[in-house]
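The next block is data_21.cif, given as mmCIF, C-alpha atoms.
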data_query
loop_
_atom_site.label_atom_id
_atom_site.label_comp_id
_atom_site.auth_asym_id
_atom_site.auth_seq_id
_atom_site.Cartn_x
_atom_site.Cartn_y
_atom_site.Cartn_z
CA MET Z 623 0.00 0.00 0.00
CA LYS Z 624 1.15 3.57 -0.67
CA ILE Z 625 2.26 5.40 2.49
CA ILE Z 626 1.44 9.10 2.22
CA ASP Z 627 2.37 11.79 4.69
CA SER Z 628 -0.49 14.20 5.39
CA GLN Z 629 1.89 17.09 4.72
CA GLN Z 630 2.59 16.03 1.15
CA LYS Z 631 1.42 18.57 -1.40
CA ASP Z 632 -0.42 16.01 -3.51
CA ILE Z 633 -2.40 14.35 -0.72
CA VAL Z 634 -5.59 16.30 -1.43
CA ALA Z 635 -5.49 15.33 -5.10
CA GLU Z 636 -4.76 11.69 -4.25
CA LEU Z 637 -7.62 11.41 -1.76
CA LYS Z 638 -9.95 13.14 -4.20
CA ARG Z 639 -8.99 10.60 -6.87
CA ILE Z 640 -9.88 7.76 -4.51
CA ILE Z 641 -13.18 9.32 -3.41
CA ASN Z 642 -14.24 9.95 -7.01
CA ARG Z 643 -13.25 6.51 -8.29
CA GLY Z 644 -16.85 5.34 -8.65
CA GLU Z 645 -18.12 4.08 -11.97
CA THR Z 646 -20.25 6.79 -13.57
CA ALA Z 647 -22.86 6.59 -16.28
CA THR Z 648 -21.43 6.74 -19.77
CA GLU Z 649 -23.28 8.07 -22.77
CA GLU Z 650 -23.41 4.52 -24.11
CA ALA Z 651 -24.96 3.15 -20.90
CA ALA Z 652 -27.40 6.06 -20.71
CA ALA Z 653 -28.51 5.47 -24.31
CA VAL Z 654 -29.09 1.76 -23.69
CA VAL Z 655 -31.02 2.44 -20.50
CA ARG Z 656 -33.17 5.10 -22.13
CA GLU Z 657 -34.15 2.69 -24.91
CA VAL Z 658 -34.88 -0.17 -22.48
CA VAL Z 659 -36.91 1.90 -20.03
CA GLU Z 660 -39.00 3.61 -22.69
CA ARG Z 661 -39.75 0.38 -24.49
CA VAL Z 662 -40.78 -1.37 -21.26
CA ARG Z 663 -42.91 1.63 -20.33
CA LYS Z 664 -44.74 1.45 -23.68
CA GLU Z 665 -44.86 -2.29 -24.36
CA GLY Z 666 -44.79 -3.85 -20.88
CA ASP Z 667 -44.27 -7.61 -20.52
CA PRO Z 668 -43.20 -8.38 -24.12
CA ALA Z 669 -40.34 -5.89 -23.82
CA VAL Z 670 -39.31 -7.30 -20.44
CA LEU Z 671 -39.15 -10.83 -21.85
CA ALA Z 672 -37.30 -9.70 -24.96
CA TYR Z 673 -34.61 -7.84 -23.03
CA THR Z 674 -34.23 -10.71 -20.57
CA GLU Z 675 -33.51 -13.05 -23.46
CA LYS Z 676 -31.14 -10.53 -25.07
CA PHE Z 677 -29.11 -9.57 -22.01
CA ASP Z 678 -29.38 -12.61 -19.72
CA ARG Z 679 -29.77 -15.24 -22.47
CA VAL Z 680 -32.74 -16.76 -20.68
CA SER Z 681 -36.05 -17.45 -22.40
CA LEU Z 682 -38.83 -16.82 -19.90
CA THR Z 683 -42.58 -16.82 -20.36
CA LEU Z 684 -45.30 -15.10 -18.37
CA LYS Z 685 -45.99 -18.50 -16.81
CA ASN Z 686 -42.53 -18.95 -15.31
CA ILE Z 687 -41.30 -15.39 -14.80
CA ARG Z 688 -42.52 -15.39 -11.19
CA VAL Z 689 -40.92 -17.58 -8.52
CA THR Z 690 -43.40 -20.15 -7.22
CA PRO Z 691 -43.86 -21.34 -3.61
CA GLU Z 692 -42.58 -24.72 -4.78
CA GLU Z 693 -39.32 -23.14 -5.95
CA ILE Z 694 -38.83 -21.53 -2.54
CA THR Z 695 -39.52 -24.85 -0.80
CA ASP Z 696 -37.03 -26.53 -3.12
CA ALA Z 697 -34.45 -23.83 -2.29
CA TYR Z 698 -34.52 -24.86 1.38
CA SER Z 699 -33.52 -28.40 0.36
CA LYS Z 700 -30.39 -27.04 -1.34
CA VAL Z 701 -28.92 -24.94 1.48
CA GLU Z 702 -26.94 -25.75 4.60
CA PRO Z 703 -28.97 -25.56 7.84
CA LYS Z 704 -26.17 -23.71 9.67
CA LYS Z 705 -26.18 -21.00 7.01
CA VAL Z 706 -29.97 -20.69 7.27
CA ASP Z 707 -29.63 -20.36 11.06
CA ALA Z 708 -27.08 -17.58 10.50
CA LEU Z 709 -29.47 -15.76 8.15
CA LYS Z 710 -32.28 -16.09 10.70
CA LEU Z 711 -30.05 -14.68 13.46
CA ALA Z 712 -29.13 -11.75 11.21
CA ALA Z 713 -32.78 -11.19 10.32
CA ALA Z 714 -33.82 -11.11 13.98
CA ASN Z 715 -31.11 -8.56 14.84
CA ILE Z 716 -31.92 -6.40 11.82
CA LYS Z 717 -35.60 -6.39 12.77
CA THR Z 718 -34.88 -5.48 16.41
CA PHE Z 719 -32.62 -2.59 15.43
CA HIS Z 720 -34.99 -1.13 12.84
CA GLU Z 721 -38.01 -1.39 15.13
CA LYS Z 722 -36.30 1.24 17.29
CA GLN Z 723 -36.21 3.60 14.28
CA LYS Z 724 -39.88 3.49 13.36
CA LEU Z 725 -41.57 6.88 13.13
CA SER Z 726 -44.70 7.58 15.14
CA SER Z 727 -47.59 9.89 14.38
CA TRP Z 728 -48.15 12.74 16.82
CA VAL Z 729 -50.73 15.43 17.56
CA SER Z 730 -50.23 18.60 19.60
CA GLN Z 731 -52.95 20.80 21.14
CA GLU Z 732 -51.92 24.43 20.71
CA ALA Z 733 -53.50 27.62 22.02
CA HIS Z 734 -56.94 28.86 20.88
CA GLY Z 735 -58.13 25.38 19.86
CA VAL Z 736 -55.44 24.90 17.20
CA ILE Z 737 -54.34 21.30 16.64
CA LEU Z 738 -51.13 20.47 14.76
CA GLY Z 739 -49.64 17.10 14.07
CA GLN Z 740 -47.93 14.65 11.79
CA LEU Z 741 -49.18 11.36 10.36
CA ALA Z 742 -46.52 8.74 9.59
CA ARG Z 743 -47.65 6.08 7.14
CA PRO Z 744 -45.79 3.33 5.26
CA LEU Z 745 -45.39 3.33 1.51
CA ARG Z 746 -47.87 1.13 -0.31
CA SER Z 747 -45.41 -0.92 -2.36
CA VAL Z 748 -41.62 -1.24 -2.62
CA GLY Z 749 -39.43 -2.90 -5.24
CA VAL Z 750 -36.14 -4.51 -4.21
CA TYR Z 751 -33.46 -5.16 -6.80
CA VAL Z 752 -31.07 -8.02 -6.03
CA PRO Z 753 -28.01 -8.71 -8.24
CA GLY Z 754 -27.81 -12.18 -9.75
CA GLY Z 755 -25.30 -14.30 -11.59
CA LYS Z 756 -21.95 -14.51 -9.79
CA ALA Z 757 -23.11 -12.09 -7.08
CA VAL Z 758 -24.74 -13.86 -4.13
CA TYR Z 759 -25.72 -11.40 -1.42
CA PRO Z 760 -28.52 -12.81 0.77
CA SER Z 761 -27.52 -10.29 3.44
CA SER Z 762 -28.54 -7.47 1.08
CA VAL Z 763 -31.96 -9.08 0.71
CA LEU Z 764 -32.39 -8.94 4.49
CA MET Z 765 -31.09 -5.38 4.78
CA ASN Z 766 -33.38 -4.00 2.07
CA VAL Z 767 -36.54 -5.95 2.86
CA ILE Z 768 -36.73 -6.08 6.66
CA PRO Z 769 -36.79 -2.29 7.25
CA ALA Z 770 -39.63 -2.05 4.72
CA ARG Z 771 -41.53 -4.76 6.58
CA VAL Z 772 -40.91 -3.06 9.93
CA ALA Z 773 -42.17 0.22 8.46
CA GLY Z 774 -45.40 -1.54 7.48
CA VAL Z 775 -45.04 -1.83 3.70
CA GLU Z 776 -47.60 -4.40 2.59
CA GLN Z 777 -46.29 -5.32 -0.86
CA ILE Z 778 -42.58 -5.98 -1.43
CA VAL Z 779 -41.66 -6.97 -4.97
CA MET Z 780 -38.22 -8.45 -5.60
CA CYS Z 781 -36.50 -8.72 -8.98
CA SER Z 782 -33.29 -10.65 -9.57
CA PRO Z 783 -31.74 -11.82 -12.86
CA VAL Z 784 -31.18 -15.50 -13.60
CA PRO Z 785 -28.45 -15.62 -16.28
CA GLY Z 786 -27.94 -19.30 -15.48
CA GLY Z 787 -31.65 -19.99 -15.51
CA VAL Z 788 -32.02 -20.53 -11.74
CA LEU Z 789 -31.99 -18.14 -8.79
CA ASN Z 790 -29.42 -18.88 -6.10
CA PRO Z 791 -31.17 -20.83 -3.31
CA TYR Z 792 -29.72 -18.60 -0.57
CA ILE Z 793 -31.28 -15.56 -2.24
CA LEU Z 794 -34.67 -17.30 -2.23
CA VAL Z 795 -34.31 -18.44 1.38
CA ALA Z 796 -33.31 -14.93 2.49
CA ALA Z 797 -36.30 -13.48 0.63
CA ASP Z 798 -38.59 -15.94 2.38
CA ILE Z 799 -37.12 -15.18 5.81
CA ALA Z 800 -37.40 -11.43 5.22
CA GLY Z 801 -41.00 -11.59 4.00
CA VAL Z 802 -40.88 -10.72 0.29
CA SER Z 803 -44.35 -10.74 -1.27
CA GLU Z 804 -43.40 -11.82 -4.80
CA ILE Z 805 -40.22 -12.52 -6.75
CA TYR Z 806 -39.56 -12.13 -10.47
CA LYS Z 807 -36.67 -13.65 -12.45
CA ILE Z 808 -35.66 -10.49 -14.24
CA GLY Z 809 -32.83 -8.01 -13.88
CA GLY Z 810 -31.13 -5.05 -15.46
CA ALA Z 811 -32.74 -1.84 -16.59
CA GLN Z 812 -35.81 -3.79 -17.72
CA ALA Z 813 -36.52 -4.89 -14.14
CA VAL Z 814 -36.18 -1.33 -12.84
CA ALA Z 815 -38.50 -0.06 -15.58
CA ALA Z 816 -41.06 -2.81 -14.93
CA MET Z 817 -41.23 -1.95 -11.23
CA ALA Z 818 -41.32 1.80 -11.90
CA TYR Z 819 -44.14 1.76 -14.48
CA GLY Z 820 -45.79 -1.60 -13.90
CA THR Z 821 -46.73 -4.18 -16.51
CA ALA Z 822 -49.66 -6.57 -16.81
CA THR Z 823 -47.62 -9.04 -14.74
CA ILE Z 824 -45.24 -7.01 -12.59
CA PRO Z 825 -46.76 -4.53 -10.11
CA LYS Z 826 -45.91 -0.84 -10.13
CA VAL Z 827 -44.16 0.18 -6.92
CA ASP Z 828 -43.64 3.49 -5.12
CA LYS Z 829 -39.93 3.09 -4.40
CA ILE Z 830 -37.04 0.99 -5.71
CA VAL Z 831 -34.09 0.02 -3.50
CA GLY Z 832 -31.10 -2.25 -3.86
CA PRO Z 833 -27.68 -2.33 -5.53
CA GLY Z 834 -26.88 -3.13 -9.15
CA ASN Z 835 -24.45 -2.58 -11.99
CA ILE Z 836 -24.03 0.61 -14.01
CA TYR Z 837 -27.15 -0.13 -16.09
CA VAL Z 838 -29.28 -0.69 -13.00
CA ALA Z 839 -27.91 2.45 -11.32
CA THR Z 840 -28.52 4.51 -14.47
CA ALA Z 841 -32.05 3.12 -14.78
CA LYS Z 842 -32.77 4.10 -11.18
CA ARG Z 843 -31.63 7.63 -11.96
CA TYR Z 844 -33.80 7.66 -15.09
CA VAL Z 845 -37.04 6.63 -13.32
CA PHE Z 846 -36.49 8.81 -10.25
CA GLY Z 847 -39.51 11.08 -9.98
CA GLN Z 848 -41.79 8.38 -11.35
CA VAL Z 849 -40.80 6.46 -8.21
CA ASP Z 850 -38.49 7.20 -5.32
CA ILE Z 851 -35.12 5.44 -5.04
CA ASP Z 852 -32.79 4.77 -2.13
CA MET Z 853 -29.42 5.98 -3.38
CA ILE Z 854 -26.94 5.33 -6.16
CA ALA Z 855 -24.46 3.02 -4.49
CA GLY Z 856 -20.82 3.23 -5.50
CA PRO Z 857 -17.90 0.88 -4.87
CA SER Z 858 -17.39 -0.25 -1.29
CA GLU Z 859 -14.88 1.45 0.99
CA VAL Z 860 -13.41 1.27 4.47
CA LEU Z 861 -11.27 3.74 6.40
CA VAL Z 862 -9.51 2.59 9.56
CA ILE Z 863 -8.10 5.02 12.12
CA ALA Z 864 -5.54 3.14 14.22
CA ASP Z 865 -3.20 3.98 17.06
CA ASP Z 866 -0.41 1.96 18.71
CA SER Z 867 -2.95 -0.17 20.58
CA ALA Z 868 -4.19 -1.68 17.30
CA ASP Z 869 -3.29 -5.20 16.22
CA PRO Z 870 -1.79 -4.97 12.69
CA SER Z 871 -3.27 -8.35 11.72
CA PHE Z 872 -6.78 -7.13 12.66
CA VAL Z 873 -6.39 -3.91 10.70
CA ALA Z 874 -4.98 -5.66 7.64
CA ALA Z 875 -7.82 -8.19 7.65
CA ASP Z 876 -10.39 -5.38 7.81
CA LEU Z 877 -8.78 -3.46 4.95
CA LEU Z 878 -8.76 -6.60 2.79
CA SER Z 879 -12.41 -7.37 3.63
CA GLN Z 880 -13.35 -4.39 1.49
CA ALA Z 881 -10.62 -4.80 -1.12
CA GLU Z 882 -11.92 -8.25 -2.05
CA HIS Z 883 -15.32 -6.80 -3.08
CA ASP Z 884 -14.17 -5.50 -6.46
CA GLU Z 885 -11.35 -3.71 -8.21
CA LEU Z 886 -12.88 -0.30 -7.47
CA ALA Z 887 -13.08 -0.88 -3.70
CA SER Z 888 -11.10 1.44 -1.46
CA ALA Z 889 -9.19 0.61 1.74
CA ILE Z 890 -7.45 3.39 3.68
CA LEU Z 891 -5.54 3.37 6.94
CA VAL Z 892 -5.01 6.65 8.79
CA THR Z 893 -2.54 6.58 11.67
CA ALA Z 894 -0.07 8.72 13.58
CA SER Z 895 2.16 5.69 14.13
CA ARG Z 896 4.75 4.87 11.47
CA SER Z 897 5.31 1.54 13.21
CA ILE Z 898 1.63 0.61 12.81
CA ALA Z 899 1.70 1.82 9.20
CA GLU Z 900 4.67 -0.38 8.27
CA ARG Z 901 3.45 -3.44 10.18
CA VAL Z 902 -0.05 -3.21 8.69
CA ASN Z 903 1.45 -2.80 5.22
CA ALA Z 904 3.47 -5.98 5.64
CA GLU Z 905 0.48 -7.82 7.08
CA VAL Z 906 -1.71 -6.81 4.12
CA ASP Z 907 0.78 -8.41 1.74
CA ARG Z 908 0.99 -11.56 3.86
CA GLN Z 909 -2.78 -12.05 4.23
CA MET Z 910 -3.60 -11.08 0.66
CA ALA Z 911 -1.48 -13.95 -0.67
CA THR Z 912 -3.83 -16.43 1.01
CA LEU Z 913 -7.12 -15.01 -0.31
CA VAL Z 914 -9.20 -16.76 -2.94
CA ARG Z 915 -10.00 -13.34 -4.43
CA LYS Z 916 -6.39 -12.13 -4.08
CA GLU Z 917 -6.18 -10.81 -7.65
CA ILE Z 918 -9.20 -8.56 -7.15
CA ALA Z 919 -7.97 -7.45 -3.73
CA ALA Z 920 -4.50 -6.74 -5.07
CA ARG Z 921 -5.80 -4.51 -7.85
CA ALA Z 922 -8.05 -2.62 -5.42
CA ILE Z 923 -5.22 -2.12 -2.93
CA ASP Z 924 -2.81 -1.04 -5.66
CA ARG Z 925 -5.19 1.50 -7.23
CA PHE Z 926 -7.29 2.72 -4.32
CA GLY Z 927 -5.50 1.66 -1.15
CA ALA Z 928 -3.45 4.06 0.94
CA ILE Z 929 -1.90 4.59 4.35
CA VAL Z 930 -2.01 8.20 5.48
CA LEU Z 931 0.42 9.31 8.19
CA VAL Z 932 -0.89 12.13 10.40
CA LYS Z 933 0.48 13.95 13.42
CA ASP Z 934 -2.26 12.86 15.86
CA LEU Z 935 -5.77 11.43 16.19
CA ALA Z 936 -7.38 14.84 15.82
CA GLU Z 937 -5.86 15.17 12.36
CA ALA Z 938 -6.87 11.58 11.63
CA ALA Z 939 -10.47 12.57 12.32
CA GLU Z 940 -10.11 15.56 9.99
CA VAL Z 941 -8.84 13.34 7.18
CA SER Z 942 -11.68 10.88 7.77
CA ASN Z 943 -14.29 13.63 7.78
CA SER Z 944 -12.98 14.95 4.47
CA ILE Z 945 -13.35 11.49 2.93
CA ALA Z 946 -16.72 10.72 4.60
CA PRO Z 947 -16.23 6.96 4.32
CA GLU Z 948 -18.92 4.33 3.95
CA HIS Z 949 -17.36 2.23 6.74
CA LEU Z 950 -15.22 3.85 9.43
CA GLU Z 951 -13.36 1.77 12.01
CA LEU Z 952 -11.95 3.45 15.12
CA SER Z 953 -9.28 0.91 16.00
CA VAL Z 954 -7.93 2.93 18.89
CA GLU Z 955 -7.52 2.60 22.65
CA LYS Z 956 -10.33 5.07 23.46
CA PRO Z 957 -12.77 4.92 20.52
CA PHE Z 958 -15.65 6.68 22.25
CA GLU Z 959 -13.48 9.71 22.94
CA LEU Z 960 -12.44 9.88 19.28
CA LEU Z 961 -16.07 9.48 18.22
CA ALA Z 962 -16.76 13.06 19.35
CA LEU Z 963 -14.54 14.31 16.49
CA ILE Z 964 -16.23 12.23 13.77
CA LYS Z 965 -18.71 14.17 11.63
CA ASN Z 966 -19.12 12.19 8.39
CA ALA Z 967 -19.40 8.41 8.10
CA GLY Z 968 -21.96 5.87 6.96
CA ALA Z 969 -21.38 3.38 9.79
CA ILE Z 970 -18.88 3.67 12.62
CA PHE Z 971 -17.26 0.58 14.18
CA LEU Z 972 -15.70 1.18 17.58
CA GLY Z 973 -12.85 -0.73 19.16
CA HIS Z 974 -10.57 -3.60 18.22
CA TYR Z 975 -13.24 -6.31 18.17
CA THR Z 976 -15.79 -4.67 15.88
CA PRO Z 977 -14.81 -5.42 12.29
CA GLU Z 978 -17.07 -3.98 9.60
CA SER Z 979 -18.10 -7.51 8.58
CA VAL Z 980 -20.12 -7.86 11.80
CA GLY Z 981 -22.09 -4.82 10.64
CA ASP Z 982 -22.40 -6.22 7.13
CA TYR Z 983 -24.12 -9.32 8.43
CA VAL Z 984 -25.44 -9.71 11.95
CA ALA Z 985 -25.17 -6.62 14.19
CA GLY Z 986 -28.51 -5.15 13.08
CA PRO Z 987 -27.79 -1.65 11.71
CA ASN Z 988 -28.27 -1.43 7.98
CA HIS Z 989 -25.36 -2.15 5.65
CA VAL Z 990 -26.86 -0.11 2.81
CA LEU Z 991 -24.64 2.93 3.32
CA PRO Z 992 -23.66 6.12 1.48
CA THR Z 993 -20.47 5.83 -0.57
CA GLY Z 994 -18.12 8.11 -2.48
CA GLY Z 995 -18.17 10.91 0.08
CA THR Z 996 -21.96 11.14 0.18
CA ALA Z 997 -22.00 10.37 3.92
CA ARG Z 998 -21.64 14.14 4.18
CA PHE Z 999 -25.37 14.38 3.45
CA PHE Z 1000 -26.82 10.85 3.12
CA SER Z 1001 -27.69 8.37 5.86
CA PRO Z 1002 -27.88 4.57 6.02
CA LEU Z 1003 -31.04 2.92 4.75
CA SER Z 1004 -33.65 2.93 7.52
CA THR Z 1005 -37.37 2.57 8.20
CA ASP Z 1006 -37.64 6.30 7.38
CA ASP Z 1007 -36.95 5.39 3.75
CA PHE Z 1008 -40.11 3.34 3.62
CA MET Z 1009 -42.44 5.82 5.27
CA LYS Z 1010 -44.00 9.12 4.32
CA LYS Z 1011 -45.30 11.93 6.50
CA SER Z 1012 -48.40 14.09 6.24
CA SER Z 1013 -48.90 17.29 8.22
CA LEU Z 1014 -52.11 17.80 10.23
CA ILE Z 1015 -53.54 21.31 10.71
CA PHE Z 1016 -56.80 22.19 12.47
CA TYR Z 1017 -57.95 25.75 13.37
CA THR Z 1018 -61.04 26.90 15.21
CA LYS Z 1019 -62.57 30.28 14.30
CA GLU Z 1020 -60.86 31.77 17.35
CA GLY Z 1021 -57.52 30.37 16.27
CA LEU Z 1022 -57.91 31.69 12.72
CA ASP Z 1023 -58.88 35.13 14.01
CA LYS Z 1024 -55.56 35.29 15.87
CA VAL Z 1025 -53.42 34.71 12.77
CA GLY Z 1026 -55.69 35.84 9.94
CA GLU Z 1027 -54.23 39.32 9.64
CA ALA Z 1028 -50.69 37.90 9.33
CA VAL Z 1029 -51.83 35.54 6.57
CA MET Z 1030 -53.40 38.40 4.61
CA GLN Z 1031 -50.31 40.57 5.00
CA ILE Z 1032 -47.99 37.87 3.62
CA ALA Z 1033 -50.44 37.12 0.79
CA ASP Z 1034 -50.43 40.82 -0.06
CA VAL Z 1035 -46.60 40.87 -0.21
CA GLU Z 1036 -46.68 37.93 -2.63
CA GLY Z 1037 -49.44 39.43 -4.74
CA LEU Z 1038 -51.76 36.47 -4.19
CA GLU Z 1039 -55.11 38.15 -3.58
CA ALA Z 1040 -57.15 34.94 -3.54
CA HIS Z 1041 -54.95 33.56 -0.77
CA GLY Z 1042 -55.77 36.52 1.42
CA ASN Z 1043 -59.42 36.27 0.47
CA THR Z 1044 -59.68 32.77 2.01
CA ILE Z 1045 -59.12 34.48 5.36
CA ARG Z 1046 -61.19 37.59 4.62
CA VAL Z 1047 -64.37 35.66 3.78
CA ARG Z 1048 -64.12 33.68 7.00
CA MET Z 1049 -63.36 36.65 9.26
CA THR Z 1050 -66.30 38.65 7.89
CA LYS Z 1051 -68.74 35.73 8.14
CA LYS Z 1052 -71.26 36.25 10.92
#

File written out as structure tokens:
Amino acid sequence: MKIIDSQQKDIVAELKRIINRGETATEEAAAVVREVVERVRKEGDPAVLAYTEKFDRVSLTLKNIRVTPEEITDAYSKVEPKKVDALKLAAANIKTFHEKQKLSSWVSQEAHGVILGQLARPLRSVGVYVPGGKAVYPSSVLMNVIPARVAGVEQIVMCSPVPGGVLNPYILVAADIAGVSEIYKIGGAQAVAAMAYGTATIPKVDKIVGPGNIYVATAKRYVFGQVDIDMIAGPSEVLVIADDSADPSFVAADLLSQAEHDELASAILVTASRSIAERVNAEVDRQMATLVRKEIAARAIDRFGAIVLVKDLAEAAEVSNSIAPEHLELSVEKPFELLALIKNAGAIFLGHYTPESVGDYVAGPNHVLPTGGTARFFSPLSTDDFMKKSSLIFYTKEGLDKVGEAVMQIADVEGLEAHGNTIRVRMTKK
């Protein structure tokens, strides 16, 4: 890994390069997505089937496009019981955590008979996109579906491509555990379009969540406004702040846990200890040689890995805040003291025995996190994402009399006579 001193002139440019490494929509991808989405919007199911055959090389019909209960039952016969138990443990913890987030409606009695309040209601229907093919992420199924269920969403539609003709059994089992309403064997921009606009077979939803490739991400951007979306997820990233109390083997393992995701993943260590920097660097090389995905990890570490030397933990926090990492580990002796200096991060892991993988899978907080510096203004996926709020306003005549003049004055400033007249006709009514 590159060791960079925080005082180097080019450090800002280097960190900016890493932050902005995410794959962005090309004109070619945008053109393909535009064609796919518009054709699905106009033609519905026939377009979905045609694009599924073209892109995934799978010939589906309207009779077998939807996963049947028998297919889910069969999936359970193909998985290891211990792995199912692990998914159930994760699901229980995710549910418990997100139940604490759920919004409540409230009503407040104000002076002069005025009542104000807020109604919190779940969305009607949500679509969840799940990558298929080589990608097998049952944990993402749990993380996207369970908060929606906790929020009270009644209909959860899941789409996942089947380039090999069959959905991975762990994806189906996770969907069953999480409580997905219906599952369709489609992916890509055509799946996003089908959920956004609806077809004769696939229901229209109010929001689409879940990760995907550049075509899926571009399609989500394209249909935003027709439906809501969660966020445009970029490549995974971890930043570890470590002091002399850190175990170099722990830190190296945590950096590699992100590097193995894909070649665009980022792994950064920030430390004031040159000894820790050098020992972690050596440990990364040692552990990487043993990984099954060592070629991917090596390319990620080479292109987007770095060790930043700072003068103290306060400066380490400043560097971290400027990067706003998806995953932030505080591998220091007093993590809760350092926490006070942290302003921007998707999820924060405190102490030497809290690797980000425990958050990815079983801790309970959501692993759908802002990437590419967007933790400056985005938050992790939560039950809030699956709810909407309506304001409640009730005025008695006495209450309206108290504020009516102010309403008319503001309406007059804005030149909206009819607005003021809504008050005038009521105040003059005997």

task: Point out the residue among Z:Val930, Z:Ile799, Z:Ala818, Z:Ala811 with the least atom-to-atom distance to Z:Ala864, counting all atoms listed in the file.
output: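 Closest candidate: Z:Val930.
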
- request: Identify all residues satisfying the PyMOL selection byres ((chain Z and resi 821-823) around 12) in the given file; provide them as an MDAnalysis selection string.
  value: chainID Z and resid 661:671 683:688 779 804:806 812:820 824:827

field: Spatial neighbours of stretch 628-643 of chain Z, 9 Å, only C-alpha atoms, chain gap at least 2 places, as a PyMOL selection string
entry: chain Z and resi 626+645-646+856-857+886-888+925-928+930-933+937+941+944-947+993-995

task: Find the residues with any atom within 8 Å of (-29.0, -7.1, 0.1); use all atoms listed in the file and the coordinates as given in the file, and write the answer as number ranges by chain.
output: Z: 752, 759-766, 832-833, 990

Given the file above and the PyMOL selection byres ((chain Z and resi 768) around 8), which residues are selected, and can you give them as an mmCIF file with C-alpha atoms, in the frame of the given file?
data_model
loop_
_atom_site.group_PDB
_atom_site.id
_atom_site.type_symbol
_atom_site.label_atom_id
_atom_site.label_comp_id
_atom_site.auth_asym_id
_atom_site.auth_seq_id
_atom_site.Cartn_x
_atom_site.Cartn_y
_atom_site.Cartn_z
ATOM 1 C CA ALA Z 713 -32.780 -11.190 10.320
ATOM 2 C CA ILE Z 716 -31.920 -6.400 11.820
ATOM 3 C CA LYS Z 717 -35.600 -6.390 12.770
ATOM 4 C CA LEU Z 764 -32.390 -8.940 4.490
ATOM 5 C CA MET Z 765 -31.090 -5.380 4.780
ATOM 6 C CA ASN Z 766 -33.380 -4.000 2.070
ATOM 7 C CA VAL Z 767 -36.540 -5.950 2.860
ATOM 8 C CA PRO Z 769 -36.790 -2.290 7.250
ATOM 9 C CA ALA Z 770 -39.630 -2.050 4.720
ATOM 10 C CA ARG Z 771 -41.530 -4.760 6.580
ATOM 11 C CA VAL Z 772 -40.910 -3.060 9.930
ATOM 12 C CA ALA Z 800 -37.400 -11.430 5.220
ATOM 13 C CA GLY Z 801 -41.000 -11.590 4.000
#

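Applied to the file shown here, the PyMOL selection byres ((chain Z and resi 866-872) around 8) selects Ala864, Asp865, Val873, Ala874, Ala875, Asp876, Ser895, Ser897, Ile898, Arg901, Val902, Glu905, Val906, Ser953, Val954, Glu955 and His974 of chain Z.
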
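Using only C-alpha atoms, the smallest distance between any of Z:Gln723, Z:Asp627, Z:Lys756, Z:Ile793 and Z:Pro1002 comes from Z:Gln723.
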
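Shortest separation to Z:Pro987 among Z:Leu709, Z:Ala714, Z:Ile890, Z:Ala796 occurs at residue Z:Ala714, atoms counted being all atoms listed in the file.
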
Expected residue set, 10 Å radius at (-18.5, -6.6, 6.9), only C-alpha atoms, as a PyMOL selection string: chain Z and resi 860+876+879-880+949+976-985+989

task: May I ask for the distance between atom CA of Z:Gly834 and atom CA of Z:Asp852, given in Å to one decimal place?
output: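 Computed distance, atom CA of Z:Gly834 to atom CA of Z:Asp852, equals 12.1 Å.
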
Test item: residues at most 7 Å from stretch 653-655 of chain Z, all atoms listed in the file, excluding those fewer than 5 positions along its chain, as a short mmCIF file (atom, residue, chain, number, x, y, z; two decimals) with C-alpha atoms, in the coordinates of the input:
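Below you can see out.cif, which holds the result:
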data_model
loop_
_atom_site.label_atom_id
_atom_site.label_comp_id
_atom_site.auth_asym_id
_atom_site.auth_seq_id
_atom_site.Cartn_x
_atom_site.Cartn_y
_atom_site.Cartn_z
CA ALA Z 811 -32.74 -1.84 -16.59
CA TYR Z 837 -27.15 -0.13 -16.09
CA THR Z 840 -28.52 4.51 -14.47
CA ALA Z 841 -32.05 3.12 -14.78
#

field: Z:Thr1050 environment, 12 Å, only C-alpha atoms, sequence neighbours closer than 4 positions dropped, as a PyMOL selection string
entry: chain Z and resi 1019+1022-1023+1026+1043-1046

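Distance-wise, atom CA of Z:Glu859 and atom CA of Z:Glu948 end up 5.8 Å apart.
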
field: Point-to-point distance in Å for atom CA of Z:Gly986 and atom CA of Z:Ala967
entry: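 According to the coordinates, atom CA of Z:Ala967 and atom CA of Z:Gly986 are separated by 17.1 Å.
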
Nearest candidate to Z:Leu877 (options Z:Ile923, Z:Leu935, Z:Ile851, Z:Leu725; using all atoms listed in the file): Z:Ile923
